[in-house]
Amino acid sequence: MSEEHDLVAAYALNALDELEAHRFERHLDECDSCRRELAELLEATTFLADLSSAAAPTDLRQRVLSQIQAPGRRRGLAWIVATAAAAVALVFGSLWATSLARLDHFEQVAAIYQAADAQPTALAGAEGEGRFTHSVSLGQGVFATEDLADAPADSVYELWLIDDTGPHPAGLFEAGEAVIVDDFSPGQMIAVTLEPAGGSDLPTGPILLSGQL
Amino acid sequence: MGMQAAFASVYPIAPPHIVGLMRQKLLRFLFVTHATGLDDLLTSIARGDSSAFESVYDQTASMVYGLTLRILRSPALAEEVTQEVYLQIWRQADRFDANRAPARAWIATLAHRRAVDAVRRIQSARDREQGLIGEPAAPDASERAIEHEESARLTKALGKLSDLQRQVIELAYFGGLTQNQVAERLGAPLGTVKTRMRDGLQRLRSVMRDDHV
């Protein structure tokens with residue numbers, strides 16, 4: 001019992017590994033004094049959280065509110081974290097080639113998101129939402145969608161970068177997949193269309209999502 | 001106009017530290033007044049009340065965003081995690097139990113877990129790729145604290161701790177390290193780390209009480 005009791009501060013700080021946290025939570029259900037102490041220690045961690053406050057970007061409010069109005073398939077960090085988890089899990093398995101390929105991809109995505117100059121561009125449309133997060137210093141961006149329905153059979157989503165020289169293909173993807181883009185420039189328009197399987201050199205379908213870099 | 005002139009003649013030079021103090025007191029008053037409503041708002045969210053959700057967002061977004069930003073050090077990732085946190089609040093408000101901890105503590109804990117989870121997954125994918133085991137590169141929170149504008153109070157509060165208390169709390173809470181990793185990092189026995197986490201948090205709690213009263 002006393003051994004478990006020792007974990008209360010680390011639990012309040014979220015500094016236990018999964019197994020230890022699980023063990024402590026079971027103990028918590030039975031131990032009044034640990035529950036009392038945890039409530040006290042959480043006052044301290046909440047104090048730390050409050051003292052870390054920073055103004056949230058103003059457009060974040062609308063994005064947060066719209067995700068509860070249209071709940072469903074939200075991708076973004078969840079996708080990144082899932083990919084990371086899959087990559088790590090695969091390393092422990094025997095699928096070395098696959099895992100390393102995936103890991104490279106994940107590394108790229110994480111690096112773009114974490115770049116100091118990472119800048120998100122929102123793509124809006126009737127069919128869903130998209131986000132292109134790019135870093136000029138890395139010369140790379142990652143495009144991901146939210147709430148986009150699966151493409152019909154024999155067709156595929158295609159990403160385009162459009163400037164005054166016309167539309168340029170930037171990658172094919174299935175609903176929920178991310179696309180890494182390494183050839184873009186400021187001022188370009190970024191758009192998504194539905195194209196026949198295999199993709200097109202020039203867009204043939206209507207623009208489903210679009211935004212401005 | 002006349003009032004202002006009269007005020008100015010009584011206080012020809014407005015003492016900035018007094019103005020600052022008054023502003024702090026006012027902010028704290030507003031904070032406490034608001035905070036009392038959060039528990040009820042979460043109960044309303046559990047019934048699907050989206051206007052209650054908006055109020056909760058407005059009262060907690062700077063804490064959630066600021067905390068995740070401090071842990072993840074990437075505005076793009078912090079925005080993603082903040083979105084995830086609010087989606088979780090919307091979906092799991094019925095799990096909130098006011099008898100265990102107040103709403104603000106519950107939300108701070110959710111945000112902290114999400115951010116640390118993301119840090120650990122990204123770190124572990126990186127370690128596997130580089131063939132490294134353990135030893136995650138935790139950011140030095142005391143250095144980063146200086147970067148933040150509103151961190152004067154945080155620095156001051158942490159300054160009331162002993163060096164070891166401050167280090168274990170910073171590495172765990174802002175660095176996302178587990179208690180074992182903290183012990184390894186500092187070359188300190190695990191038992192000592194546990195004790196310092198616990199008495200450090202208790203000390204912070206009393207600092208907080210002095211600070212807020």
# chains A, B, ... in the order shown; residues from 1 in each chain; ligands from 1
call {"tool": "interface_residues", "arguments": {"of": "chain A", "to": "chain B", "cutoff": "7 Å", "atoms": "only C-alpha atoms", "output": "PyMOL selection string"}}
result
chain A and resi 6+9-10+13-17+39+41-44+46-47+49-56+64+68+76-77+81+84-85+87-88+113-114+116+118
call {"tool": "closest_residue", "arguments": {"among": "A:Leu123, A:Val156, A:Leu60, A:Val142", "to": "Val181 of chain A", "atoms": "only C-alpha atoms"}}
result
A:Val142
call {"tool": "decode", "arguments": {"residues": "segment 39-68 of chain B", "atoms": "C-alpha atoms", "output": "mmCIF file, in the first residue's frame"}}
result
data_model
loop_
_atom_site.group_PDB
_atom_site.id
_atom_site.type_symbol
_atom_site.label_atom_id
_atom_site.label_comp_id
_atom_site.auth_asym_id
_atom_site.auth_seq_id
_atom_site.Cartn_x
_atom_site.Cartn_y
_atom_site.Cartn_z
ATOM 1 C CA ASP B 39 -18.049 22.902 -12.779
ATOM 2 C CA ASP B 40 -21.658 23.709 -13.692
ATOM 3 C CA LEU B 41 -20.709 24.484 -17.273
ATOM 4 C CA LEU B 42 -19.152 21.022 -17.657
ATOM 5 C CA THR B 43 -22.367 19.469 -16.384
ATOM 6 C CA SER B 44 -24.232 21.430 -19.068
ATOM 7 C CA ILE B 45 -21.761 20.277 -21.729
ATOM 8 C CA ALA B 46 -22.427 16.680 -20.721
ATOM 9 C CA ARG B 47 -26.064 17.360 -21.714
ATOM 10 C CA GLY B 48 -24.926 18.686 -25.102
ATOM 11 C CA ASP B 49 -25.107 22.424 -24.380
ATOM 12 C CA SER B 50 -22.842 24.037 -26.983
ATOM 13 C CA SER B 51 -23.077 27.550 -25.528
ATOM 14 C CA ALA B 52 -21.694 26.169 -22.254
ATOM 15 C CA PHE B 53 -18.878 24.705 -24.348
ATOM 16 C CA GLU B 54 -18.114 28.150 -25.780
ATOM 17 C CA SER B 55 -17.920 29.620 -22.272
ATOM 18 C CA VAL B 56 -15.587 26.859 -21.142
ATOM 19 C CA TYR B 57 -13.388 27.481 -24.163
ATOM 20 C CA ASP B 58 -13.239 31.215 -23.453
ATOM 21 C CA GLN B 59 -12.335 30.668 -19.820
ATOM 22 C CA THR B 60 -9.696 28.001 -20.350
ATOM 23 C CA ALA B 61 -8.237 28.341 -23.883
ATOM 24 C CA SER B 62 -5.234 30.435 -22.860
ATOM 25 C CA MET B 63 -4.349 27.904 -20.156
ATOM 26 C CA VAL B 64 -4.750 24.905 -22.498
ATOM 27 C CA TYR B 65 -2.944 26.505 -25.427
ATOM 28 C CA GLY B 66 -0.200 28.025 -23.253
ATOM 29 C CA LEU B 67 0.487 24.768 -21.452
ATOM 30 C CA THR B 68 0.566 22.650 -24.619
#
